[in-house]
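For reference, protein_25.txt (compact mmCIF, C-alpha atoms):
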```txt
# COMPACT_ATOMS: atom_id res chain seq x y z
CA MET A 1 134.19 98.72 65.72
CA GLU A 2 137.79 98.69 66.92
CA HIS A 3 139.03 101.55 64.80
CA LEU A 4 139.28 105.15 65.83
CA ILE A 5 138.33 106.32 62.34
CA THR A 6 134.85 104.78 62.56
CA TYR A 7 134.02 106.90 65.58
CA LEU A 8 135.61 110.01 64.10
CA ILE A 9 133.56 109.69 60.92
CA LEU A 10 130.40 109.16 62.96
CA GLY A 11 131.18 112.27 65.01
CA ALA A 12 131.85 114.28 61.84
CA LEU A 13 128.56 113.06 60.34
CA LEU A 14 126.61 114.10 63.44
CA PHE A 15 128.36 117.48 63.40
CA CYS A 16 127.59 118.12 59.74
CA ILE A 17 123.96 116.99 60.03
CA GLY A 18 123.72 119.45 62.91
CA ILE A 19 125.19 122.25 60.80
CA PHE A 20 122.74 121.45 58.02
CA GLY A 21 119.79 121.57 60.42
CA LEU A 22 121.03 124.75 62.04
CA LEU A 23 121.27 126.54 58.71
CA GLN A 24 118.09 125.35 57.03
CA HIS A 25 115.56 125.11 59.84
CA SER A 26 112.97 127.80 59.92
CA SER A 27 112.08 127.81 63.62
CA LEU A 28 114.18 128.59 66.67
CA ILE A 29 113.40 125.31 68.45
CA GLY A 30 114.49 123.34 65.40
CA MET A 31 117.77 125.22 65.39
CA LEU A 32 118.23 124.43 69.08
CA VAL A 33 117.68 120.72 68.36
CA ALA A 34 120.37 120.89 65.66
CA THR A 35 122.73 122.53 68.17
CA GLU A 36 122.37 119.51 70.43
CA LEU A 37 123.46 117.30 67.53
CA ILE A 38 126.58 119.44 67.01
CA LEU A 39 127.48 119.22 70.70
CA ASN A 40 127.03 115.45 70.60
CA GLY A 41 129.33 115.10 67.61
CA ALA A 42 132.04 116.93 69.55
CA ALA A 43 131.44 114.85 72.69
CA LEU A 44 131.65 111.65 70.67
CA ASN A 45 135.07 112.72 69.40
CA PHE A 46 136.23 113.34 72.96
CA MET A 47 135.13 109.85 74.00
CA ALA A 48 136.77 108.21 70.97
CA PHE A 49 140.12 109.92 71.54
CA ASN A 50 139.85 109.04 75.21
CA MET A 51 139.38 105.37 74.39
CA PHE A 52 142.05 105.02 71.72
CA LEU A 53 144.78 107.61 72.19
CA SER A 54 144.66 109.11 75.66
CA LYS A 55 147.18 108.22 78.33
CA ASP A 56 144.81 109.21 81.07
CA ALA A 57 141.58 107.27 80.85
CA VAL A 58 139.46 109.88 82.62
CA ILE A 59 140.03 113.13 80.71
CA GLY A 60 137.64 112.45 77.84
CA GLN A 61 134.87 111.30 80.14
CA VAL A 62 135.25 114.41 82.28
CA PHE A 63 135.05 116.64 79.21
CA THR A 64 131.97 114.81 77.96
CA LEU A 65 130.29 115.28 81.33
CA PHE A 66 131.10 119.01 81.23
CA ILE A 67 129.67 119.26 77.71
CA MET A 68 126.46 117.66 79.00
CA GLY A 69 126.26 120.18 81.83
CA LEU A 70 126.79 123.09 79.47
CA ALA A 71 124.17 121.69 77.08
CA ALA A 72 121.65 121.50 79.93
CA ALA A 73 122.31 125.12 80.93
CA GLU A 74 122.10 126.26 77.31
CA THR A 75 118.80 124.44 76.84
CA ALA A 76 117.22 126.08 79.89
CA ILE A 77 118.26 129.59 78.88
CA ALA A 78 117.47 129.22 75.18
CA LEU A 79 114.01 127.72 75.78
CA SER A 80 113.06 130.53 78.14
CA ILE A 81 114.28 133.09 75.60
CA ILE A 82 112.28 131.36 72.85
CA ILE A 83 109.12 131.41 74.98
CA THR A 84 109.64 135.12 75.70
CA VAL A 85 110.21 135.83 72.00
CA TYR A 86 107.00 134.00 71.17
CA ARG A 87 105.02 136.00 73.73
CA ARG A 88 106.31 139.25 72.31
CA PHE A 89 106.36 138.59 68.57
CA ARG A 90 103.79 135.74 68.30
CA THR A 91 106.21 133.78 66.15
CA ILE A 92 109.39 131.78 66.56
CA LYS A 93 110.64 132.22 63.04
CA PRO A 94 114.16 133.62 63.29
CA ASP A 95 113.73 135.76 60.16
CA THR A 96 110.86 137.85 61.47
CA VAL A 97 112.36 138.63 64.87
CA SER A 98 114.36 141.63 63.75
CA GLU A 99 113.39 144.42 66.08
CA LEU A 100 115.55 145.81 68.84
CA LYS A 101 114.32 148.27 71.42
CA GLY A 102 116.46 150.27 73.79
CA MET B 103 118.89 77.99 78.75
CA THR B 104 119.56 78.92 75.18
CA THR B 105 121.02 82.30 74.49
CA ILE B 106 121.57 84.11 71.25
CA SER B 107 125.31 83.42 71.44
CA ASP B 108 124.66 79.68 70.99
CA PHE B 109 123.63 80.27 67.39
CA ILE B 110 125.72 83.27 66.41
CA PRO B 111 129.27 83.94 67.56
CA PRO B 112 129.49 86.76 70.16
CA ILE B 113 131.71 88.94 68.02
CA ILE B 114 129.05 89.00 65.30
CA VAL B 115 126.43 89.92 67.90
CA ALA B 116 128.63 92.74 69.18
CA GLN B 117 129.26 94.07 65.69
CA GLY B 118 125.57 93.86 64.84
CA ALA B 119 124.70 95.78 68.00
CA PHE B 120 127.32 98.42 67.18
CA TRP B 121 126.07 99.01 63.65
CA LEU B 122 122.48 99.02 64.91
CA MET B 123 123.44 101.81 67.29
CA VAL B 124 125.18 103.72 64.47
CA ALA B 125 122.08 103.35 62.31
CA LEU B 126 119.83 104.55 65.16
CA THR B 127 122.06 107.58 65.70
CA LEU B 128 122.12 108.61 62.06
CA ALA B 129 118.43 107.91 61.48
CA GLY B 130 117.52 109.96 64.53
CA ALA B 131 119.76 112.80 63.39
CA PHE B 132 118.14 112.84 59.96
CA ILE B 133 114.67 112.84 61.51
CA ALA B 134 115.75 115.66 63.80
CA VAL B 135 116.74 117.99 61.00
CA THR B 136 114.56 117.10 58.02
CA LEU B 137 110.98 116.52 59.16
CA PRO B 138 108.78 119.62 59.17
CA LYS B 139 107.01 119.09 62.52
CA ILE B 140 108.95 120.22 65.57
CA LEU B 141 107.63 117.44 67.80
CA HIS B 142 108.93 114.86 65.34
CA ASN B 143 112.29 116.63 65.32
CA ILE B 144 112.53 116.34 69.08
CA LEU B 145 111.61 112.66 69.05
CA GLY B 146 114.28 112.13 66.40
CA LEU B 147 116.77 113.88 68.67
CA ALA B 148 115.80 111.48 71.47
CA LEU B 149 116.37 108.51 69.15
CA SER B 150 119.74 109.88 68.11
CA MET B 151 120.81 110.43 71.72
CA PHE B 152 119.78 106.85 72.51
CA GLY B 153 122.06 105.63 69.72
CA VAL B 154 124.94 107.73 71.06
CA THR B 155 124.34 106.11 74.46
CA GLY B 156 124.97 102.70 72.91
CA ILE B 157 128.14 103.96 71.23
CA TYR B 158 129.42 105.28 74.56
CA LEU B 159 128.92 101.77 75.94
CA PHE B 160 131.10 100.45 73.12
CA LEU B 161 133.67 103.10 74.00
CA GLY B 162 133.88 101.56 77.44
CA SER B 163 132.25 104.05 79.73
CA GLN B 164 129.08 102.91 81.43
CA PHE B 165 128.85 106.00 83.60
CA VAL B 166 128.95 108.51 80.74
CA ALA B 167 126.48 106.36 78.79
CA MET B 168 124.01 106.40 81.65
CA MET B 169 124.51 110.15 82.08
CA GLN B 170 123.84 110.61 78.37
CA LEU B 171 120.62 108.64 78.67
CA LEU B 172 119.53 110.52 81.79
CA ILE B 173 120.46 114.05 80.74
CA TYR B 174 119.72 114.05 77.03
CA VAL B 175 116.86 111.60 76.59
CA GLY B 176 115.42 112.01 80.06
CA ALA B 177 115.90 115.70 80.72
CA ILE B 178 116.63 117.79 77.64
CA CYS B 179 114.20 116.15 75.21
CA ILE B 180 111.45 116.08 77.82
CA THR B 181 112.10 119.76 78.56
CA TYR B 182 111.73 120.59 74.88
CA ILE B 183 108.48 118.65 74.67
CA PHE B 184 107.12 120.31 77.81
CA ALA B 185 108.14 123.75 76.58
CA ILE B 186 106.27 123.16 73.34
CA MET B 187 103.18 121.51 74.78
CA LEU B 188 102.70 123.69 77.86
CA SER B 189 103.47 127.09 76.43
CA PRO B 190 101.94 129.26 73.72
CA PRO B 191 103.94 128.00 70.74
CA GLN B 192 101.58 125.05 70.63
CA GLU B 193 99.88 125.69 67.34
CA LEU B 194 102.94 126.62 65.37
CA ASP B 195 102.39 127.72 61.85
CA GLN B 196 104.62 125.74 59.58
CA PRO B 197 106.66 128.25 57.67
CA LYS B 198 107.60 127.24 54.18
CA LYS B 199 111.25 126.49 53.70
CA ARG B 200 112.91 128.39 50.96
CA LYS B 201 114.62 126.09 48.52
CA THR B 202 117.70 128.25 48.16
CA LYS B 203 118.22 128.20 51.92
CA VAL B 204 118.05 124.40 52.02
CA ILE B 205 120.42 124.03 49.09
CA ALA B 206 122.90 126.50 50.55
CA ALA B 207 122.81 124.69 53.91
CA LEU B 208 123.33 121.37 52.14
CA ILE B 209 126.35 122.70 50.25
CA VAL B 210 127.92 124.16 53.40
CA SER B 211 127.46 120.97 55.43
CA VAL B 212 128.68 118.68 52.64
CA VAL B 213 131.79 120.81 52.11
CA ALA B 214 132.48 120.82 55.85
CA PHE B 215 132.02 117.05 55.96
CA ILE B 216 134.37 116.46 53.03
CA GLY B 217 137.01 118.65 54.67
CA MET B 218 136.70 116.78 57.96
CA ILE B 219 136.87 113.38 56.29
CA GLN B 220 139.99 114.38 54.37
CA MET B 221 141.60 115.54 57.58
CA ILE B 222 140.63 112.35 59.44
CA ILE B 223 141.95 110.08 56.70
CA SER B 224 145.16 112.01 56.01
CA VAL B 225 146.37 111.94 59.61
CA ASN B 226 148.29 108.90 60.74
CA TRP B 227 146.75 108.29 64.13
CA GLY B 228 149.42 105.83 65.18
CA PRO B 229 148.94 102.77 67.31
CA GLY B 230 146.47 103.02 70.10
CA THR B 231 147.75 103.02 73.62
CA THR B 232 147.45 99.79 75.50
CA LEU B 233 147.09 100.88 79.06
CA THR B 234 145.66 99.25 82.09
CA ARG B 235 142.45 101.18 81.96
CA ASP B 236 140.55 102.03 85.04
CA TRP B 237 137.07 102.82 83.82
CA SER B 238 135.52 102.62 87.24
CA ILE B 239 133.19 105.27 88.53
CA LYS B 240 135.42 105.59 91.60
CA THR B 241 138.36 106.95 89.59
CA LEU B 242 136.12 109.33 87.70
CA GLY B 243 134.63 110.70 90.90
CA GLN B 244 138.05 111.09 92.52
CA GLN B 245 139.39 112.98 89.51
CA LEU B 246 136.29 115.19 89.38
CA LEU B 247 136.71 116.21 92.99
CA THR B 248 140.49 116.64 92.99
CA ARG B 249 142.02 117.57 89.65
CA TYR B 250 138.95 119.05 87.96
CA PHE B 251 137.42 120.47 91.12
CA LEU B 252 137.37 124.11 89.96
CA VAL B 253 135.65 123.26 86.66
CA PHE B 254 133.18 121.05 88.50
CA GLU B 255 132.23 123.86 90.86
CA LEU B 256 132.02 126.37 88.01
CA ILE B 257 129.67 124.06 86.10
CA SER B 258 127.40 123.74 89.12
CA LEU B 259 127.44 127.53 89.59
CA LEU B 260 126.64 127.97 85.89
CA LEU B 261 123.73 125.54 86.13
CA ALA B 262 122.30 127.38 89.13
CA ILE B 263 122.64 130.74 87.36
CA ALA B 264 121.08 129.31 84.22
CA ILE B 265 118.06 127.96 86.10
CA ILE B 266 117.52 131.25 87.95
CA GLY B 267 118.00 133.20 84.73
CA ALA B 268 115.53 131.01 82.84
CA ILE B 269 112.89 131.55 85.53
CA MET B 270 113.57 135.30 85.50
CA ILE B 271 113.35 135.64 81.71
CA ALA B 272 110.16 133.60 81.40
CA GLY B 273 108.61 135.39 84.40
CA ILE B 274 109.40 138.89 83.15
CA GLY B 275 107.86 138.08 79.79
CA GLN B 276 104.68 136.95 81.50
CA LYS B 277 104.29 140.15 83.51
CA ARG B 278 104.36 142.33 80.42
CA ASP B 279 101.62 140.33 78.77
```
Kindly transcribe the structure held in the file into structure tokens.
Amino acid sequence: MEHLITYLILGALLFCIGIFGLLQHSSLIGMLVATELILNGAALNFMAFNMFLSKDAVIGQVFTLFIMGLAAAETAIALSIIITVYRRFRTIKPDTVSELKG
Amino acid sequence: MTTISDFIPPIIVAQGAFWLMVALTLAGAFIAVTLPKILHNILGLALSMFGVTGIYLFLGSQFVAMMQLLIYVGAICITYIFAIMLSPPQELDQPKKRKTKVIAALIVSVVAFIGMIQMIISVNWGPGTTLTRDWSIKTLGQQLLTRYFLVFELISLLLAIAIIGAIMIAGIGQKRD
């Protein structure tokens, strides 16, 4: 509880679970969910370093807040793209969406 | 009035709460990536984000913890659920997962995890700083509006553009239908 390494290992676990989900999931929304896990692993590392090693107590919190803002923007865009892809291809499997049109 | 700290020492309670939060985070993460139904995945993500909220409290930042709860559990997960329930991908066919894909993903993530753990353990992190910490929301707000002002404004611009873009993309798709 008072060691930096505990938090770092937890962040690494979240990151790797996210990578696993991103690679193996067979729908776009599932991959998006895994992306959120990856972002949270990174944010957890920022907060841990901020607590234990930083000289300025605010930097890590500011970065974590920015990561949250970016995650919200990414969610909005990606969900709208997924809905559009579904309307056009009638599927959200990433393997079948392989057609580009100019 | 009897409290729980009369029976168990407070440090044990704190440690129990910490490990409970860790367990919630990891269990939610596993639910989020392994279960086949997408709705279950999203609920697992919400559970995991709730656990991370508790860990942020242990890391001493109430404000970021509350933001995590509001943005992730309250906004992002609910947006996912609404996008699934209100839009066409409601009756999703469950595609079969190929075994080779799962195994390859497992190998990649385990190798990445082992590499990270080796790096974490091999580095001597040194003694932690003992500073007079000012965790107050006031300091955070002052820093956001002075030192990090440009990034703050860029994030708000990005959010506005993202919202407009999301409406545009979804709207254009509807017109073609």
So, counting all atoms listed in the file, which residue among A:Thr91, A:Glu2, A:Val58, A:Thr96 is closest to Ser238 in chain B?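 The shortest atom-to-atom distance to Ser238 in chain B comes from A:Val58.
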Within 10 Å of (137.1, 111.7, 56.9) (coordinates as in the file), grab all the protein and nucleic acid residues, counting all atoms listed in the file, and write them out as a list in words.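 Neighbouring residues, ordered by chain and number, come to Ile5, Thr6, Leu8, Ile9, Leu10, Ala12 and Leu13 of chain A; Phe215, Ile216, Gly217, Met218, Ile219, Gln220, Met221, Ile222, Ile223, Ser224 and Val225 of chain B.
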CA of Phe52 in chain A and CA of Phe160 in chain B are how many Å apart?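 So the two atoms, CA of Phe52 in chain A and CA of Phe160 in chain B, lie 11.9 Å apart.
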Give the answer as one residue: which of B:Val135, B:Met270, B:Leu149, B:Leu188 has the shortest atom-to-atom distance to chain A, using only C-alpha atoms?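 Checking each of B:Val135, B:Met270, B:Leu149, B:Leu188 against chain A, counting only C-alpha atoms, the winner is B:Val135.
Closest approach to chain B from the set A:Phe89, A:Pro94, A:Ala76, A:Ile82 is made by A:Ala76, with distances taken over all atoms listed in the file.
If you measure from each of B:Ile186, B:Leu247, B:Ala134, B:Met103 to Thr35 in chain A using all atoms listed in the file, the closest one turns out to be B:Ala134.
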Point (124.7, 120.4, 58.8) neighbourhood (10 Å, all atoms listed in the file) written as a ChimeraX atom specification: /A:12-24,34-35,37-38 /B:135,207-215
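For the choices B:Thr136, B:Lys240, B:Ile183, B:Gly156, the atom-to-atom distance to chain A is smallest for B:Thr136 when using all atoms listed in the file.
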Pairwise distance for CA of Phe49 in chain A and CA of Leu65 in chain A, rounded to one decimal in Å: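 If I compute the distance from CA of Phe49 in chain A to CA of Leu65 in chain A, I get 14.9 Å.
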From the set A:Leu32, A:Leu79, A:Met47, A:Val85, which residue has the shortest atom-to-atom contact distance to Ile269 in chain B, counting all atoms listed in the file?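 Of A:Leu32, A:Leu79, A:Met47, A:Val85, the one nearest Ile269 in chain B is A:Leu79, counting all atoms listed in the file.
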If I take CA of Thr64 in chain A and CA of His142 in chain B, how far is one from the other in Å, to one decimal? 26.3 Å
Box dimensions and centre (Å, one decimal) enclosing range 23-42 of chain A, axis-aligned, 8 Å extra per side, as JSON:
```
{"center_x": 122.1, "center_y": 121.8, "center_z": 63.9, "size_x": 36.0, "size_y": 29.5, "size_z": 29.7}
```
Near Ile263 in chain B, counting only C-alpha atoms, which residues have an atom at most 10 Å away, once you skip same-chain residues fewer than 6 positions from it, shown as a ChimeraX atom specification? /A:73,77 /B:257,269
Would you put the residues from that selection into a file with C-alpha atoms, as a PDB file, in the coordinates of the input?
```pdb
ATOM      1  CA  ALA A  73     122.310 125.120  80.930  1.00  0.00           C
ATOM      2  CA  ILE A  77     118.260 129.590  78.880  1.00  0.00           C
TER       3      ILE A  77
ATOM      4  CA  ILE B 257     129.670 124.060  86.100  1.00  0.00           C
ATOM      5  CA  ILE B 269     112.890 131.550  85.530  1.00  0.00           C
TER       6      ILE B 269
END
```
Take range 5-37 of chain A, model N, CA and C atoms, and hand the result over as a PDB file, in the frame of the given file.
```
ATOM      1  N   ILE A   5     138.879 105.550  63.466  1.00  0.00           N
ATOM      2  CA  ILE A   5     138.330 106.320  62.340  1.00  0.00           C
ATOM      3  C   ILE A   5     136.816 106.175  62.252  1.00  0.00           C
ATOM      4  N   THR A   6     136.300 104.977  62.592  1.00  0.00           N
ATOM      5  CA  THR A   6     134.850 104.780  62.560  1.00  0.00           C
ATOM      6  C   THR A   6     134.145 105.821  63.426  1.00  0.00           C
ATOM      7  N   TYR A   7     134.662 105.974  64.647  1.00  0.00           N
ATOM      8  CA  TYR A   7     134.020 106.900  65.580  1.00  0.00           C
ATOM      9  C   TYR A   7     134.193 108.341  65.127  1.00  0.00           C
ATOM     10  N   LEU A   8     135.386 108.632  64.556  1.00  0.00           N
ATOM     11  CA  LEU A   8     135.610 110.010  64.100  1.00  0.00           C
ATOM     12  C   LEU A   8     134.669 110.372  62.960  1.00  0.00           C
ATOM     13  N   ILE A   9     134.469 109.411  62.038  1.00  0.00           N
ATOM     14  CA  ILE A   9     133.560 109.690  60.920  1.00  0.00           C
ATOM     15  C   ILE A   9     132.136 109.857  61.423  1.00  0.00           C
ATOM     16  N   LEU A  10     131.757 109.030  62.402  1.00  0.00           N
ATOM     17  CA  LEU A  10     130.400 109.160  62.960  1.00  0.00           C
ATOM     18  C   LEU A  10     130.227 110.522  63.622  1.00  0.00           C
ATOM     19  N   GLY A  11     131.257 110.952  64.375  1.00  0.00           N
ATOM     20  CA  GLY A  11     131.180 112.270  65.010  1.00  0.00           C
ATOM     21  C   GLY A  11     131.095 113.379  63.973  1.00  0.00           C
ATOM     22  N   ALA A  12     131.888 113.257  62.884  1.00  0.00           N
ATOM     23  CA  ALA A  12     131.850 114.280  61.840  1.00  0.00           C
ATOM     24  C   ALA A  12     130.487 114.308  61.162  1.00  0.00           C
ATOM     25  N   LEU A  13     129.888 113.117  60.953  1.00  0.00           N
ATOM     26  CA  LEU A  13     128.560 113.060  60.340  1.00  0.00           C
ATOM     27  C   LEU A  13     127.522 113.760  61.217  1.00  0.00           C
ATOM     28  N   LEU A  14     127.565 113.463  62.528  1.00  0.00           N
ATOM     29  CA  LEU A  14     126.610 114.100  63.440  1.00  0.00           C
ATOM     30  C   LEU A  14     126.785 115.611  63.399  1.00  0.00           C
ATOM     31  N   PHE A  15     128.060 116.046  63.414  1.00  0.00           N
ATOM     32  CA  PHE A  15     128.360 117.480  63.400  1.00  0.00           C
ATOM     33  C   PHE A  15     127.802 118.139  62.151  1.00  0.00           C
ATOM     34  N   CYS A  16     128.003 117.487  60.984  1.00  0.00           N
ATOM     35  CA  CYS A  16     127.590 118.120  59.740  1.00  0.00           C
ATOM     36  C   CYS A  16     126.074 118.078  59.571  1.00  0.00           C
ATOM     37  N   ILE A  17     125.426 117.004  60.052  1.00  0.00           N
ATOM     38  CA  ILE A  17     123.960 116.990  60.030  1.00  0.00           C
ATOM     39  C   ILE A  17     123.434 118.123  60.905  1.00  0.00           C
ATOM     40  N   GLY A  18     124.120 118.350  62.045  1.00  0.00           N
ATOM     41  CA  GLY A  18     123.720 119.450  62.910  1.00  0.00           C
ATOM     42  C   GLY A  18     123.875 120.794  62.231  1.00  0.00           C
ATOM     43  N   ILE A  19     124.991 120.979  61.504  1.00  0.00           N
ATOM     44  CA  ILE A  19     125.190 122.250  60.800  1.00  0.00           C
ATOM     45  C   ILE A  19     124.103 122.456  59.760  1.00  0.00           C
ATOM     46  N   PHE A  20     123.792 121.370  59.036  1.00  0.00           N
ATOM     47  CA  PHE A  20     122.740 121.450  58.020  1.00  0.00           C
ATOM     48  C   PHE A  20     121.407 121.873  58.649  1.00  0.00           C
ATOM     49  N   GLY A  21     121.058 121.211  59.774  1.00  0.00           N
ATOM     50  CA  GLY A  21     119.790 121.570  60.420  1.00  0.00           C
ATOM     51  C   GLY A  21     119.793 122.983  60.947  1.00  0.00           C
ATOM     52  N   LEU A  22     120.942 123.399  61.488  1.00  0.00           N
ATOM     53  CA  LEU A  22     121.030 124.750  62.040  1.00  0.00           C
ATOM     54  C   LEU A  22     120.831 125.794  60.969  1.00  0.00           C
ATOM     55  N   LEU A  23     121.360 125.532  59.767  1.00  0.00           N
ATOM     56  CA  LEU A  23     121.270 126.540  58.710  1.00  0.00           C
ATOM     57  C   LEU A  23     119.916 126.547  58.023  1.00  0.00           C
ATOM     58  N   GLN A  24     119.283 125.370  57.883  1.00  0.00           N
ATOM     59  CA  GLN A  24     118.090 125.350  57.030  1.00  0.00           C
ATOM     60  C   GLN A  24     116.792 125.397  57.820  1.00  0.00           C
ATOM     61  N   HIS A  25     116.829 125.184  59.127  1.00  0.00           N
ATOM     62  CA  HIS A  25     115.560 125.110  59.840  1.00  0.00           C
ATOM     63  C   HIS A  25     114.939 126.480  59.987  1.00  0.00           C
ATOM     64  N   SER A  26     113.620 126.507  59.936  1.00  0.00           N
ATOM     65  CA  SER A  26     112.970 127.800  59.920  1.00  0.00           C
ATOM     66  C   SER A  26     112.258 128.107  61.238  1.00  0.00           C
ATOM     67  N   SER A  27     112.606 127.402  62.318  1.00  0.00           N
ATOM     68  CA  SER A  27     112.080 127.810  63.620  1.00  0.00           C
ATOM     69  C   SER A  27     113.187 127.706  64.643  1.00  0.00           C
ATOM     70  N   LEU A  28     113.080 128.513  65.697  1.00  0.00           N
ATOM     71  CA  LEU A  28     114.180 128.590  66.670  1.00  0.00           C
ATOM     72  C   LEU A  28     114.370 127.278  67.410  1.00  0.00           C
ATOM     73  N   ILE A  29     113.265 126.560  67.717  1.00  0.00           N
ATOM     74  CA  ILE A  29     113.400 125.310  68.450  1.00  0.00           C
ATOM     75  C   ILE A  29     114.107 124.258  67.595  1.00  0.00           C
ATOM     76  N   GLY A  30     113.798 124.262  66.291  1.00  0.00           N
ATOM     77  CA  GLY A  30     114.490 123.340  65.400  1.00  0.00           C
ATOM     78  C   GLY A  30     115.977 123.610  65.350  1.00  0.00           C
ATOM     79  N   MET A  31     116.346 124.888  65.375  1.00  0.00           N
ATOM     80  CA  MET A  31     117.770 125.220  65.390  1.00  0.00           C
ATOM     81  C   MET A  31     118.429 124.765  66.681  1.00  0.00           C
ATOM     82  N   LEU A  32     117.687 124.881  67.786  1.00  0.00           N
ATOM     83  CA  LEU A  32     118.230 124.430  69.080  1.00  0.00           C
ATOM     84  C   LEU A  32     118.465 122.922  69.074  1.00  0.00           C
ATOM     85  N   VAL A  33     117.522 122.173  68.475  1.00  0.00           N
ATOM     86  CA  VAL A  33     117.680 120.720  68.360  1.00  0.00           C
ATOM     87  C   VAL A  33     118.941 120.378  67.567  1.00  0.00           C
ATOM     88  N   ALA A  34     119.172 121.141  66.476  1.00  0.00           N
ATOM     89  CA  ALA A  34     120.370 120.890  65.660  1.00  0.00           C
ATOM     90  C   ALA A  34     121.637 121.198  66.456  1.00  0.00           C
ATOM     91  N   THR A  35     121.566 122.214  67.337  1.00  0.00           N
ATOM     92  CA  THR A  35     122.730 122.530  68.170  1.00  0.00           C
ATOM     93  C   THR A  35     123.107 121.361  69.075  1.00  0.00           C
ATOM     94  N   GLU A  36     122.077 120.677  69.592  1.00  0.00           N
ATOM     95  CA  GLU A  36     122.370 119.510  70.430  1.00  0.00           C
ATOM     96  C   GLU A  36     123.130 118.447  69.632  1.00  0.00           C
ATOM     97  N   LEU A  37     122.756 118.283  68.356  1.00  0.00           N
ATOM     98  CA  LEU A  37     123.460 117.300  67.530  1.00  0.00           C
ATOM     99  C   LEU A  37     124.931 117.688  67.368  1.00  0.00           C
TER     100      LEU A  37
END
```
